[in-house]
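Have a look at final.txt; it's compact mmCIF, C-alpha atoms and all ligand atoms:
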# COMPACT_ATOMS: atom_id res chain seq x y z
CA MET A 910 215.72 -24.52 181.19
CA LYS A 911 218.49 -22.59 179.48
CA LEU A 912 222.24 -22.73 179.72
CA HIS A 913 224.02 -19.34 179.51
CA LEU A 914 227.71 -19.48 178.61
CA GLY A 915 230.30 -16.78 179.34
CA GLU A 916 233.00 -15.74 181.80
CA ILE A 917 231.31 -15.62 185.21
CA TRP A 918 232.39 -13.28 188.02
CA HIS A 919 230.56 -12.94 191.32
CA LEU A 920 231.18 -12.63 195.05
CA ILE A 921 230.68 -15.76 197.10
CA SER A 922 231.60 -14.20 200.46
CA ASN A 923 232.37 -10.82 202.03
CA PRO A 924 235.77 -9.49 200.89
CA PHE A 925 235.81 -6.94 203.72
CA PHE A 926 236.58 -9.86 206.06
CA ALA A 927 240.34 -10.41 206.11
CA ASP A 928 240.06 -14.18 205.74
CA ALA A 929 237.87 -13.85 202.62
CA MET A 930 239.71 -10.98 200.96
CA ASP A 931 241.48 -13.14 198.37
CA THR A 932 238.83 -15.80 197.84
CA ALA A 933 235.57 -13.86 197.81
CA LEU A 934 235.59 -13.13 194.07
CA GLN A 935 234.89 -16.29 192.13
CA ALA A 936 235.85 -16.16 188.44
CA ILE A 937 234.94 -19.00 186.06
CA PRO A 938 236.61 -18.28 182.68
CA HIS A 939 234.54 -20.64 180.50
CA GLY A 940 231.54 -20.75 182.75
CA ALA A 941 227.90 -21.75 182.50
CA LEU A 942 224.73 -20.83 184.35
CA LEU A 943 221.81 -23.22 184.24
CA VAL A 944 218.58 -21.22 184.61
CA ASP A 945 215.39 -23.12 185.37
CA ASP A 946 211.89 -22.31 184.15
CA ALA A 947 211.03 -20.56 187.41
CA GLY A 948 213.81 -18.04 186.71
CA LYS A 949 216.21 -19.37 189.30
CA ILE A 950 219.78 -20.49 188.96
CA ALA A 951 219.85 -24.27 189.08
CA GLN A 952 223.57 -24.85 188.57
CA ILE A 953 226.80 -22.92 188.02
CA GLY A 954 230.07 -24.38 186.81
CA ALA A 955 232.44 -24.99 183.94
CA ALA A 956 230.75 -24.84 180.54
CA ALA A 957 232.17 -28.17 179.42
CA ASP A 958 230.77 -29.97 182.47
CA LEU A 959 227.30 -28.46 182.28
CA ILE A 960 226.96 -29.00 178.52
CA LYS A 961 227.91 -32.64 179.06
CA ALA A 962 225.42 -33.02 181.91
CA HIS A 963 222.58 -31.43 179.88
CA PRO A 964 223.14 -32.51 176.27
CA ALA A 965 219.70 -31.52 174.91
CA ILE A 966 219.43 -28.14 176.57
CA GLU A 967 218.95 -24.76 174.85
CA ILE A 968 222.26 -22.88 174.95
CA VAL A 969 222.67 -19.09 174.96
CA ASP A 970 226.32 -18.48 174.18
CA HIS A 971 227.57 -15.02 175.26
CA GLY A 972 231.08 -15.71 173.96
CA ASP A 973 233.85 -13.82 175.77
CA SER A 974 231.39 -11.55 177.57
CA LEU A 975 231.17 -11.49 181.34
CA LEU A 976 228.16 -12.73 183.28
CA LEU A 977 227.78 -10.68 186.48
CA PRO A 978 224.96 -10.40 189.01
CA GLY A 979 222.56 -7.55 188.27
CA PHE A 980 223.52 -4.39 190.12
CA ILE A 981 221.48 -3.15 193.08
CA ASP A 982 220.93 0.62 193.29
CA GLY A 983 220.16 1.31 196.94
CA HIS A 984 218.91 4.89 196.71
CA LEU A 985 217.52 7.11 193.95
CA HIS A 986 214.63 9.43 193.17
CA TYR A 987 212.61 8.44 190.12
CA PRO A 988 211.07 11.90 189.49
CA GLN A 989 214.55 13.43 189.38
CA LEU A 990 215.73 11.68 186.22
CA ASP A 991 215.71 14.93 184.26
CA ILE A 992 217.43 17.15 186.81
CA ILE A 993 220.75 15.32 186.77
CA GLY A 994 223.44 17.93 186.32
CA CYS A 995 221.59 21.03 187.56
CA TYR A 996 224.13 23.65 188.49
CA GLY A 997 225.48 25.32 191.52
CA GLU A 998 223.67 24.38 194.74
CA GLN A 999 224.20 22.42 197.92
CA LEU A 1000 221.43 20.30 199.43
CA LEU A 1001 218.84 22.80 200.69
CA GLY A 1002 219.21 25.21 197.77
CA TRP A 1003 219.18 22.31 195.36
CA LEU A 1004 215.88 21.00 196.74
CA ASN A 1005 214.22 24.41 196.51
CA ARG A 1006 215.59 25.47 193.15
CA TYR A 1007 215.39 22.20 191.19
CA THR A 1008 213.84 19.27 193.06
CA PHE A 1009 210.55 20.60 194.40
CA PRO A 1010 209.45 22.37 191.18
CA THR A 1011 210.25 19.21 189.19
CA GLU A 1012 208.55 16.80 191.59
CA ALA A 1013 205.43 19.01 191.59
CA GLN A 1014 204.94 18.06 187.92
CA PHE A 1015 204.42 14.41 188.87
CA SER A 1016 200.74 14.98 189.54
CA ASP A 1017 200.58 14.71 185.72
CA PRO A 1018 200.15 11.01 184.85
CA ASP A 1019 201.81 11.39 181.44
CA ILE A 1020 204.97 12.89 182.93
CA ALA A 1021 204.99 10.22 185.64
CA ASN A 1022 204.61 7.36 183.18
CA ASP A 1023 207.07 8.71 180.62
CA THR A 1024 209.71 9.18 183.33
CA ALA A 1025 209.08 5.77 184.91
CA GLN A 1026 209.49 4.04 181.55
CA ARG A 1027 212.66 5.94 180.67
CA LEU A 1028 214.10 5.33 184.13
CA ILE A 1029 213.65 1.57 183.82
CA THR A 1030 215.33 1.65 180.40
CA GLU A 1031 218.27 3.57 181.91
CA LEU A 1032 218.53 1.19 184.87
CA TYR A 1033 218.63 -1.84 182.61
CA ALA A 1034 221.05 -0.14 180.22
CA ASN A 1035 223.36 0.18 183.21
CA GLY A 1036 222.97 -3.42 184.36
CA THR A 1037 220.79 -2.55 187.35
CA THR A 1038 218.08 -5.12 188.13
CA THR A 1039 217.01 -4.00 191.63
CA ALA A 1040 216.33 -0.39 192.63
CA VAL A 1041 215.28 1.38 195.82
CA LEU A 1042 213.21 4.34 194.68
CA PHE A 1043 211.71 7.49 196.10
CA GLY A 1044 208.67 8.74 194.20
CA SER A 1045 207.12 12.19 194.50
CA THR A 1046 204.40 13.14 196.99
CA HIS A 1047 201.73 11.92 194.57
CA ALA A 1048 200.26 8.46 195.16
CA SER A 1049 199.40 8.23 191.46
CA ALA A 1050 203.07 8.67 190.49
CA ALA A 1051 204.17 5.94 192.92
CA ALA A 1052 201.48 3.62 191.51
CA THR A 1053 202.71 4.41 188.01
CA MET A 1054 206.25 3.45 188.99
CA PHE A 1055 205.02 0.21 190.57
CA GLN A 1056 203.01 -0.63 187.44
CA ALA A 1057 205.98 0.06 185.16
CA ALA A 1058 208.21 -2.13 187.36
CA LEU A 1059 205.58 -4.89 187.35
CA ASP A 1060 205.21 -4.76 183.57
CA ARG A 1061 208.90 -4.63 182.75
CA GLY A 1062 210.35 -7.03 185.31
CA LEU A 1063 212.23 -4.62 187.56
CA ARG A 1064 212.77 -5.70 191.16
CA ALA A 1065 212.03 -2.63 193.26
CA ILE A 1066 211.40 -1.07 196.63
CA ILE A 1067 209.28 2.02 196.05
CA GLY A 1068 207.68 4.65 198.27
CA LYS A 1069 205.48 7.68 197.85
CA VAL A 1070 207.31 10.61 199.45
CA SER A 1071 205.69 12.00 202.59
CA MET A 1072 206.14 15.70 203.35
CA ASP A 1073 203.84 18.35 204.79
CA ARG A 1074 205.94 21.44 205.48
CA HIS A 1075 208.78 23.72 204.31
CA ALA A 1076 208.24 23.19 200.59
CA PRO A 1077 205.93 24.56 197.85
CA VAL A 1078 202.25 23.56 197.98
CA GLY A 1079 202.56 21.34 194.89
CA VAL A 1080 204.72 18.81 196.75
CA LEU A 1081 203.00 18.92 200.14
CA GLN A 1082 200.13 16.78 201.38
CA ASP A 1083 198.17 16.91 204.62
CA VAL A 1084 198.77 14.16 207.15
CA ASP A 1085 195.46 12.32 206.84
CA SER A 1086 195.43 12.03 203.07
CA ASP A 1087 199.13 11.14 203.04
CA LEU A 1088 198.59 8.23 205.41
CA ARG A 1089 195.48 7.09 203.54
CA ASP A 1090 197.38 7.12 200.23
CA SER A 1091 200.33 5.24 201.72
CA GLU A 1092 198.04 2.60 203.19
CA ALA A 1093 196.27 2.12 199.85
CA LEU A 1094 199.61 1.74 198.03
CA ILE A 1095 200.75 -0.82 200.61
CA THR A 1096 197.57 -2.84 200.11
CA GLN A 1097 197.82 -2.69 196.35
CA TRP A 1098 201.54 -3.17 195.78
CA HIS A 1099 203.53 -4.53 198.72
CA GLY A 1100 204.70 -8.06 197.92
CA ARG A 1101 203.35 -8.09 194.35
CA ALA A 1102 204.98 -10.61 192.00
CA GLY A 1103 207.45 -11.51 194.73
CA ARG A 1104 209.67 -8.62 193.67
CA LEU A 1105 207.88 -5.37 194.57
CA HIS A 1106 208.05 -3.88 198.06
CA TYR A 1107 206.67 -0.76 199.66
CA ALA A 1108 208.85 1.65 201.62
CA LEU A 1109 207.46 4.28 203.97
CA THR A 1110 209.23 7.38 202.70
CA PRO A 1111 209.33 10.48 204.87
CA ARG A 1112 211.63 12.71 202.78
CA PHE A 1113 213.61 13.99 205.80
CA VAL A 1114 212.90 15.67 209.12
CA PRO A 1115 212.78 19.29 207.84
CA THR A 1116 209.81 18.57 205.54
CA CYS A 1117 207.88 16.32 207.95
CA SER A 1118 205.86 17.67 210.87
CA GLU A 1119 205.66 15.89 214.21
CA ALA A 1120 202.13 14.75 213.33
CA LEU A 1121 203.24 13.30 210.01
CA LEU A 1122 206.22 11.43 211.48
CA ALA A 1123 204.01 10.13 214.29
CA GLY A 1124 201.44 8.91 211.75
CA ILE A 1125 204.09 7.18 209.65
CA GLY A 1126 205.48 5.61 212.83
CA GLN A 1127 202.03 4.21 213.63
CA LEU A 1128 201.67 2.92 210.08
CA HIS A 1129 205.03 1.22 210.46
CA ALA A 1130 203.96 -0.34 213.75
CA ARG A 1131 200.96 -1.85 211.93
CA HIS A 1132 203.16 -3.03 209.01
CA PRO A 1133 206.54 -3.90 210.54
CA ASP A 1134 207.62 -5.80 207.42
CA LEU A 1135 207.73 -2.59 205.35
CA PHE A 1136 210.95 -0.85 204.46
CA VAL A 1137 211.44 2.72 205.66
CA GLN A 1138 213.62 5.01 203.58
CA THR A 1139 214.71 8.55 204.37
CA HIS A 1140 217.72 10.88 204.46
CA TRP A 1141 220.02 11.49 207.40
CA ALA A 1142 223.02 13.72 208.17
CA GLU A 1143 223.87 14.67 204.60
CA ASN A 1144 224.75 18.33 204.95
CA GLN A 1145 225.78 20.65 207.80
CA ALA A 1146 223.06 23.25 207.12
CA GLU A 1147 220.44 20.47 207.08
CA ILE A 1148 221.68 19.15 210.43
CA ALA A 1149 221.64 22.65 211.98
CA TRP A 1150 218.06 23.13 210.72
CA VAL A 1151 216.90 19.87 212.30
CA LYS A 1152 218.47 20.97 215.59
CA GLU A 1153 216.43 24.18 215.38
CA LEU A 1154 213.21 22.34 214.45
CA CYS A 1155 213.52 19.61 217.08
CA PRO A 1156 215.34 21.20 220.04
CA ALA A 1157 214.16 18.56 222.51
CA ASP A 1158 215.67 15.63 220.62
CA CYS A 1159 219.25 14.59 221.35
CA ASP A 1160 220.06 14.81 217.63
CA TYR A 1161 218.75 14.23 214.08
CA LEU A 1162 218.72 10.44 214.44
CA GLY A 1163 216.79 10.81 217.69
CA VAL A 1164 213.79 12.20 215.79
CA TYR A 1165 213.48 9.03 213.70
CA GLU A 1166 214.08 6.87 216.79
CA ARG A 1167 211.38 8.65 218.77
CA HIS A 1168 208.82 7.93 216.04
CA GLY A 1169 209.72 4.23 215.76
CA LEU A 1170 211.21 4.69 212.31
CA LEU A 1171 214.68 3.27 212.98
CA GLY A 1172 214.69 -0.50 212.56
CA PRO A 1173 216.26 -3.36 210.61
CA LYS A 1174 214.43 -2.40 207.39
CA THR A 1175 215.24 1.32 207.59
CA ILE A 1176 217.51 2.69 204.86
CA LEU A 1177 219.15 5.99 205.83
CA ALA A 1178 220.71 7.76 202.88
CA HIS A 1179 224.04 9.59 203.28
CA ALA A 1180 225.09 9.45 206.97
CA ILE A 1181 228.11 11.65 206.38
CA HIS A 1182 228.35 13.87 209.45
CA VAL A 1183 227.97 11.21 212.12
CA ASP A 1184 229.85 10.34 215.27
CA ASN A 1185 230.51 6.90 216.73
CA ALA A 1186 227.78 7.21 219.35
CA MET A 1187 225.24 7.75 216.57
CA LEU A 1188 226.64 4.78 214.66
CA ASP A 1189 226.27 2.66 217.82
CA ARG A 1190 222.55 3.48 217.77
CA VAL A 1191 222.22 2.70 214.03
CA ALA A 1192 224.00 -0.62 214.66
CA ALA A 1193 221.81 -1.45 217.66
CA ALA A 1194 218.70 -0.88 215.53
CA GLY A 1195 220.17 -2.99 212.71
CA ALA A 1196 219.43 -0.19 210.22
CA ILE A 1197 221.00 0.14 206.77
CA LEU A 1198 223.03 3.06 205.39
CA ALA A 1199 222.96 4.08 201.72
CA HIS A 1200 226.20 5.62 200.49
CA CYS A 1201 225.77 7.85 197.44
CA PRO A 1202 229.22 9.09 196.43
CA THR A 1203 228.47 10.92 193.18
CA SER A 1204 225.75 12.90 194.94
CA ASN A 1205 227.89 13.61 197.99
CA LEU A 1206 230.63 15.03 195.79
CA PHE A 1207 228.30 16.87 193.38
CA LEU A 1208 226.35 18.60 196.18
CA GLY A 1209 229.52 19.15 198.20
CA SER A 1210 228.06 17.20 201.12
CA GLY A 1211 231.15 15.36 202.35
CA LEU A 1212 232.95 12.03 202.55
CA PHE A 1213 231.19 8.91 203.83
CA PRO A 1214 233.12 7.25 206.70
CA LEU A 1215 232.88 3.70 205.32
CA ASP A 1216 235.52 2.19 207.62
CA ARG A 1217 233.88 3.55 210.78
CA VAL A 1218 230.47 2.39 209.58
CA GLN A 1219 231.79 -1.11 208.88
CA ALA A 1220 233.63 -1.19 212.19
CA HIS A 1221 230.16 -0.84 213.74
CA ASP A 1222 228.98 -3.83 211.70
CA ILE A 1223 226.37 -1.70 209.91
CA ARG A 1224 225.06 -2.89 206.55
CA VAL A 1225 225.77 -0.57 203.59
CA VAL A 1226 224.18 -0.26 200.17
CA ILE A 1227 225.40 1.97 197.33
CA GLY A 1228 223.03 4.43 195.67
CA THR A 1229 223.24 6.61 192.61
CA ASP A 1230 220.94 9.17 194.30
CA ILE A 1231 219.68 10.46 190.98
CA GLY A 1232 219.24 13.46 190.49
CA GLY A 1233 221.71 14.75 193.14
CA GLY A 1234 223.92 11.94 191.87
CA THR A 1235 225.41 12.29 188.44
CA SER A 1236 225.25 8.83 186.87
CA LEU A 1237 222.83 5.91 186.74
CA SER A 1238 225.81 3.61 186.27
CA LEU A 1239 226.92 1.59 189.27
CA TRP A 1240 230.30 1.29 187.52
CA ARG A 1241 230.67 5.07 187.67
CA THR A 1242 229.29 5.09 191.22
CA LEU A 1243 231.78 2.46 192.37
CA GLU A 1244 234.60 4.50 190.87
CA GLU A 1245 233.49 7.45 193.01
CA THR A 1246 233.15 5.13 196.01
CA TYR A 1247 236.80 4.24 195.51
CA LYS A 1248 237.83 7.90 195.17
CA VAL A 1249 235.92 9.00 198.27
CA GLN A 1250 237.70 6.38 200.35
CA GLN A 1251 241.04 7.30 198.70
CA LEU A 1252 240.48 10.82 200.01
CA ARG A 1253 240.05 9.25 203.45
CA GLY A 1254 243.29 7.27 203.06
CA LYS A 1255 241.74 3.84 202.32
CA SER A 1256 242.09 1.88 199.05
CA LEU A 1257 239.15 -0.47 198.51
CA THR A 1258 239.89 -3.59 196.47
CA PRO A 1259 238.04 -4.34 193.21
CA ALA A 1260 236.24 -7.26 194.89
CA GLN A 1261 235.16 -5.04 197.81
CA LEU A 1262 233.74 -2.50 195.37
CA LEU A 1263 231.81 -5.08 193.34
CA TYR A 1264 230.54 -6.58 196.60
CA LEU A 1265 229.00 -3.23 197.58
CA ALA A 1266 226.86 -3.16 194.41
CA THR A 1267 225.90 -6.86 194.43
CA LEU A 1268 226.13 -9.34 197.33
CA GLY A 1269 226.76 -6.63 199.94
CA ALA A 1270 223.74 -4.67 198.77
CA ALA A 1271 221.57 -7.81 198.74
CA THR A 1272 222.71 -8.53 202.29
CA GLY A 1273 222.03 -4.90 203.16
CA LEU A 1274 218.43 -5.27 202.01
CA GLY A 1275 218.02 -8.66 203.69
CA MET A 1276 217.63 -10.29 200.26
CA GLN A 1277 220.85 -12.32 200.23
CA ASP A 1278 218.90 -15.58 199.97
CA GLN A 1279 217.49 -14.42 196.64
CA LEU A 1280 219.97 -11.96 195.16
CA GLY A 1281 223.55 -10.75 195.06
CA ASN A 1282 225.42 -13.57 193.34
CA LEU A 1283 224.84 -16.43 190.92
CA LEU A 1284 224.79 -19.42 193.25
CA PRO A 1285 222.13 -22.13 192.83
CA GLY A 1286 218.76 -21.20 194.31
CA LYS A 1287 219.16 -17.46 193.70
CA ALA A 1288 217.07 -15.52 191.21
CA ALA A 1289 218.64 -15.44 187.74
CA ASP A 1290 219.12 -11.65 187.80
CA PHE A 1291 222.26 -11.05 185.77
CA GLN A 1292 223.92 -8.76 183.26
CA VAL A 1293 226.03 -9.65 180.25
CA VAL A 1294 229.00 -7.29 180.04
CA ASP A 1295 230.61 -6.99 176.61
CA TRP A 1296 233.85 -5.13 177.27
CA ARG A 1297 234.61 -5.06 173.53
CA ARG A 1298 231.99 -2.32 173.13
CA HIS A 1299 234.32 0.08 175.00
CA ARG A 1300 237.46 0.88 172.96
CA LEU A 1301 239.85 1.40 175.89
CA LEU A 1302 238.62 -1.71 177.71
CA ALA A 1303 238.84 -3.75 174.52
CA ALA A 1304 242.48 -2.72 174.13
CA ARG A 1305 243.23 -3.31 177.79
CA PHE A 1306 241.66 -6.76 177.95
CA THR A 1307 243.91 -8.11 175.19
CA ARG A 1308 246.72 -8.09 177.76
CA ASP A 1309 247.21 -10.91 180.23
CA LEU A 1310 245.26 -9.49 183.16
CA THR A 1311 243.85 -11.15 186.28
CA PRO A 1312 240.09 -10.92 186.93
CA ASP A 1313 240.87 -8.39 189.68
CA GLU A 1314 242.81 -6.20 187.26
CA LYS A 1315 240.08 -6.43 184.65
CA LEU A 1316 237.41 -5.70 187.25
CA PHE A 1317 239.21 -2.57 188.42
CA ALA A 1318 239.58 -1.38 184.81
CA LEU A 1319 235.81 -1.82 184.41
CA ILE A 1320 235.17 0.08 187.63
CA THR A 1321 237.33 2.91 186.34
CA LEU A 1322 236.14 2.99 182.71
CA ALA A 1323 232.87 1.12 182.12
CA ASP A 1324 229.45 2.64 181.56
CA ASP A 1325 226.24 1.73 179.73
CA ARG A 1326 228.25 0.98 176.56
CA VAL A 1327 229.32 -2.38 177.99
CA THR A 1328 225.85 -3.66 178.98
CA ASP A 1329 224.98 -6.15 176.26
CA ARG A 1330 221.97 -7.88 177.82
CA VAL A 1331 220.13 -7.98 181.13
CA TYR A 1332 218.03 -10.76 182.65
CA VAL A 1333 215.66 -10.65 185.62
CA GLN A 1334 214.34 -13.99 186.91
CA GLY A 1335 215.83 -15.56 183.81
CA ARG A 1336 213.81 -13.36 181.46
CA GLU A 1337 215.64 -11.09 179.03
CA VAL A 1338 214.60 -7.52 179.85
CA TYR A 1339 217.21 -5.56 177.90
CA VAL A 1340 219.27 -6.02 174.74
CA GLN A 1341 221.60 -3.29 173.56
CA ALA A 1342 221.10 -2.26 169.95
CA PRO A 1343 223.91 -3.66 167.79
ZN ZN B 1 218.15 11.07 198.09

Take the structure in the file and write it out as structure tokens.
Ligand SMILES: [Zn+2]
Amino acid sequence: MKLHLGEIWHLISNPFFADAMDTALQAIPHGALLVDDAGKIAQIGAAADLIKAHPAIEIVDHGDSLLLPGFIDGHLHYPQLDIIGCYGEQLLGWLNRYTFPTEAQFSDPDIANDTAQRLITELYANGTTTAVLFGSTHASAAATMFQAALDRGLRAIIGKVSMDRHAPVGVLQDVDSDLRDSEALITQWHGRAGRLHYALTPRFVPTCSEALLAGIGQLHARHPDLFVQTHWAENQAEIAWVKELCPADCDYLGVYERHGLLGPKTILAHAIHVDNAMLDRVAAAGAILAHCPTSNLFLGSGLFPLDRVQAHDIRVVIGTDIGGGTSLSLWRTLEETYKVQQLRGKSLTPAQLLYLATLGAATGLGMQDQLGNLLPGKAADFQVVDWRRHRLLAARFTRDLTPDEKLFALITLADDRVTDRVYVQGREVYVQAP
């Protein structure tokens, strides 16, 4: 057992509900987290009380630093770490010019392992403890990512990308071997260590034949507890192409529905150009949407209709969408989330933004019993945020600010500089160099 001391902030309810708007963010100025030997939070409260209750316990004193739940990144592509910031394309051109040639290299185990290791370091450096990851087409690269996550403590949902058309040969795979590889990865990795999960990962309709989608649908029917992750309605040219490829379907979403791929564990990334009838169908299926604002702005895709999505009672996670996205930091991603909704005439509160990257994301993934805040019984996945490492924040925090004001300053200014330490299941997985 260990007692971690610091200023604790976390969400204890959903601040998008009017009656919880002012009470959802709990801030404990001189707080303490009691972490048990199984890596769970045993108690949370005032430091003075918990020290008194556990006089002989080992104390880890984080001083004035903040203790926040680990961030959850709901959508990113691990092989695309090194194509962040590639110039001048929208979605389809970007895939052809940068993504496919890069992902083709992931048949090389050294490239796959080097990238997986560096990605985990970057995630931790940004306070992210759970990630939902696309791999490349190669089963070996997905296995490498799983192994790296297993070794280094990351909590992850990972899938080998499935695609068999409309891309260079190096990233395509025929249907039979694709399904065989996916099945083997499921057997080997799904459920490992209580924190690794497999996601069936058809890239998107344009690169998946009818036979491939049908096969993945059958695989899903045999393994209904698997996640499914894909892309949907990101870009107008993409949507027009799907209409051409699947003229008999009512729309893009209808293709996934027809193959049994739309369900309560399906994560659809983007969902920008969508009408209310489509959102009704997403809601009826209980599916999850991943909003990726830095990517949507960078690729010129459009503005995510968060209010309409929430009015349909659809769960939302926030993703960095590396490498179409431009930062691995959820702080930076939440800032862009705020700006996208500003452009749509809505001002999200600081608590609502933090919710989207923590408790809201955990709820989105159906993991709210384990993750998302620091209440007793949850996994001790948390980050220590030292705002003094950022000059402007250090100056700002000397003023008499409320937790909400400080939180919004962090959302606007913070990055990997402020991540002092990161813990997953109570184990320290990252310490910033002094
Ligand atoms: Zn993506």

Discussion item. Considering only C-alpha atoms and all ligand atoms, can you say which of A:Asn1022, A:Gln1082, A:Ser1049, A:Thr1008 comes closest to ligand ZN 1 (chain B)?
Written reply: A:Thr1008

Give me, as a tab-separated table, each residue of chain A that comes within 12 Å of ligand ZN 1 (chain B), together with its shortest interatomic pair and the distance in Å at one decimal, counting all atoms listed in the file, with rows ordered by chain and rising residue number.
residue	atom	partner	partner_atom	distance
A:Asp982	CA	B:ZN1	ZN	11.8
A:Gly983	CA	B:ZN1	ZN	10.0
A:His984	CA	B:ZN1	ZN	6.4
A:Leu985	CA	B:ZN1	ZN	5.8
A:His986	CA	B:ZN1	ZN	6.3
A:Tyr987	CA	B:ZN1	ZN	10.1
A:Pro988	CA	B:ZN1	ZN	11.2
A:Gln989	CA	B:ZN1	ZN	9.7
A:Leu1000	CA	B:ZN1	ZN	9.9
A:Trp1003	CA	B:ZN1	ZN	11.6
A:Leu1004	CA	B:ZN1	ZN	10.3
A:Thr1008	CA	B:ZN1	ZN	10.5
A:Val1041	CA	B:ZN1	ZN	10.4
A:Leu1042	CA	B:ZN1	ZN	9.0
A:Phe1043	CA	B:ZN1	ZN	7.6
A:Gly1044	CA	B:ZN1	ZN	10.5
A:Ser1045	CA	B:ZN1	ZN	11.7
A:Val1070	CA	B:ZN1	ZN	10.9
A:Thr1110	CA	B:ZN1	ZN	10.7
A:Pro1111	CA	B:ZN1	ZN	11.1
A:Arg1112	CA	B:ZN1	ZN	8.2
A:Phe1113	CA	B:ZN1	ZN	9.4
A:Gln1138	CA	B:ZN1	ZN	9.3
A:Thr1139	CA	B:ZN1	ZN	7.6
A:His1140	CA	B:ZN1	ZN	6.4
A:Trp1141	CA	B:ZN1	ZN	9.5
A:Ala1142	CA	B:ZN1	ZN	11.5
A:Glu1143	CA	B:ZN1	ZN	9.4
A:Asn1144	CA	B:ZN1	ZN	12.0
A:Ile1176	CA	B:ZN1	ZN	10.8
A:Leu1177	CA	B:ZN1	ZN	9.3
A:Ala1178	CA	B:ZN1	ZN	6.4
A:His1179	CA	B:ZN1	ZN	8.0
A:Ala1180	CA	B:ZN1	ZN	11.4
A:Leu1198	CA	B:ZN1	ZN	11.9
A:Ala1199	CA	B:ZN1	ZN	9.2
A:His1200	CA	B:ZN1	ZN	10.0
A:Cys1201	CA	B:ZN1	ZN	8.3
A:Pro1202	CA	B:ZN1	ZN	11.4
A:Thr1203	CA	B:ZN1	ZN	11.4
A:Ser1204	CA	B:ZN1	ZN	8.4
A:Asn1205	CA	B:ZN1	ZN	10.1
A:Leu1208	CA	B:ZN1	ZN	11.3
A:Ile1227	CA	B:ZN1	ZN	11.7
A:Gly1228	CA	B:ZN1	ZN	8.6
A:Thr1229	CA	B:ZN1	ZN	8.7
A:Asp1230	CA	B:ZN1	ZN	5.1
A:Ile1231	CA	B:ZN1	ZN	7.3
A:Gly1232	CA	B:ZN1	ZN	8.0
A:Gly1233	CA	B:ZN1	ZN	7.1
A:Gly1234	CA	B:ZN1	ZN	8.5

Discussion item. So that I can see what lies close to A:Ile953, please list as number ranges by chain the residues with an atom at most 12 Å from it, counting all atoms listed in the file and leaving out residues fewer than 2 positions away in the same chain.
Written reply: A: 911-919, 935-937, 939-945, 949-951, 955-960, 962, 976, 1282-1287, 1289

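With all atoms listed in the file as the atoms that count, the residue of A:Ala1065, A:Ala1186, A:Asp931, A:Asp973 with the shortest distance to A:Ala1303 is A:Asp973.
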
Write out as JSON lines the residues of stretch 1001-1032 of chain A that have any atom within 10 Å of an atom of stretch 1329-1341 of chain A, one row each with the nearest atom pair and its distance in Å to one decimal, counting all atoms listed in the file, sorted by chain and then rising number.
{"residue": "A:Ile1029", "atom": "CA", "partner": "A:Tyr1339", "partner_atom": "CA", "distance": 9.9}
{"residue": "A:Thr1030", "atom": "CA", "partner": "A:Tyr1339", "partner_atom": "CA", "distance": 7.9}
{"residue": "A:Leu1032", "atom": "CA", "partner": "A:Tyr1339", "partner_atom": "CA", "distance": 9.8}

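Picture a line from atom CA of A:Leu1262 to atom CA of A:Leu1243; it runs 6.1 Å.
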
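In terms of minimum interatomic distance to A:Ala1057, A:Asp1023 ranks closest within A:Asp1325, A:Asp1083, A:Asp1023, A:Asp1290, counting all atoms listed in the file.
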
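Each of A:Pro978, A:Ala1220, A:Leu1094, A:Gly1254 was checked against A:Gln1279 using all atoms listed in the file; the smallest atom-to-atom distance is that of A:Pro978.
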
Worksheet entry | Atomic separation - atom CA of A:Leu1063 relative to atom CA of A:Thr1039, Å | 6.3 Å

Practice prompt. Tell me which of A:Ala1288, A:Val1218, A:Cys1155, A:Thr1011 sits closest to A:Gly1103, counting all atoms listed in the file.
Written response: A:Ala1288
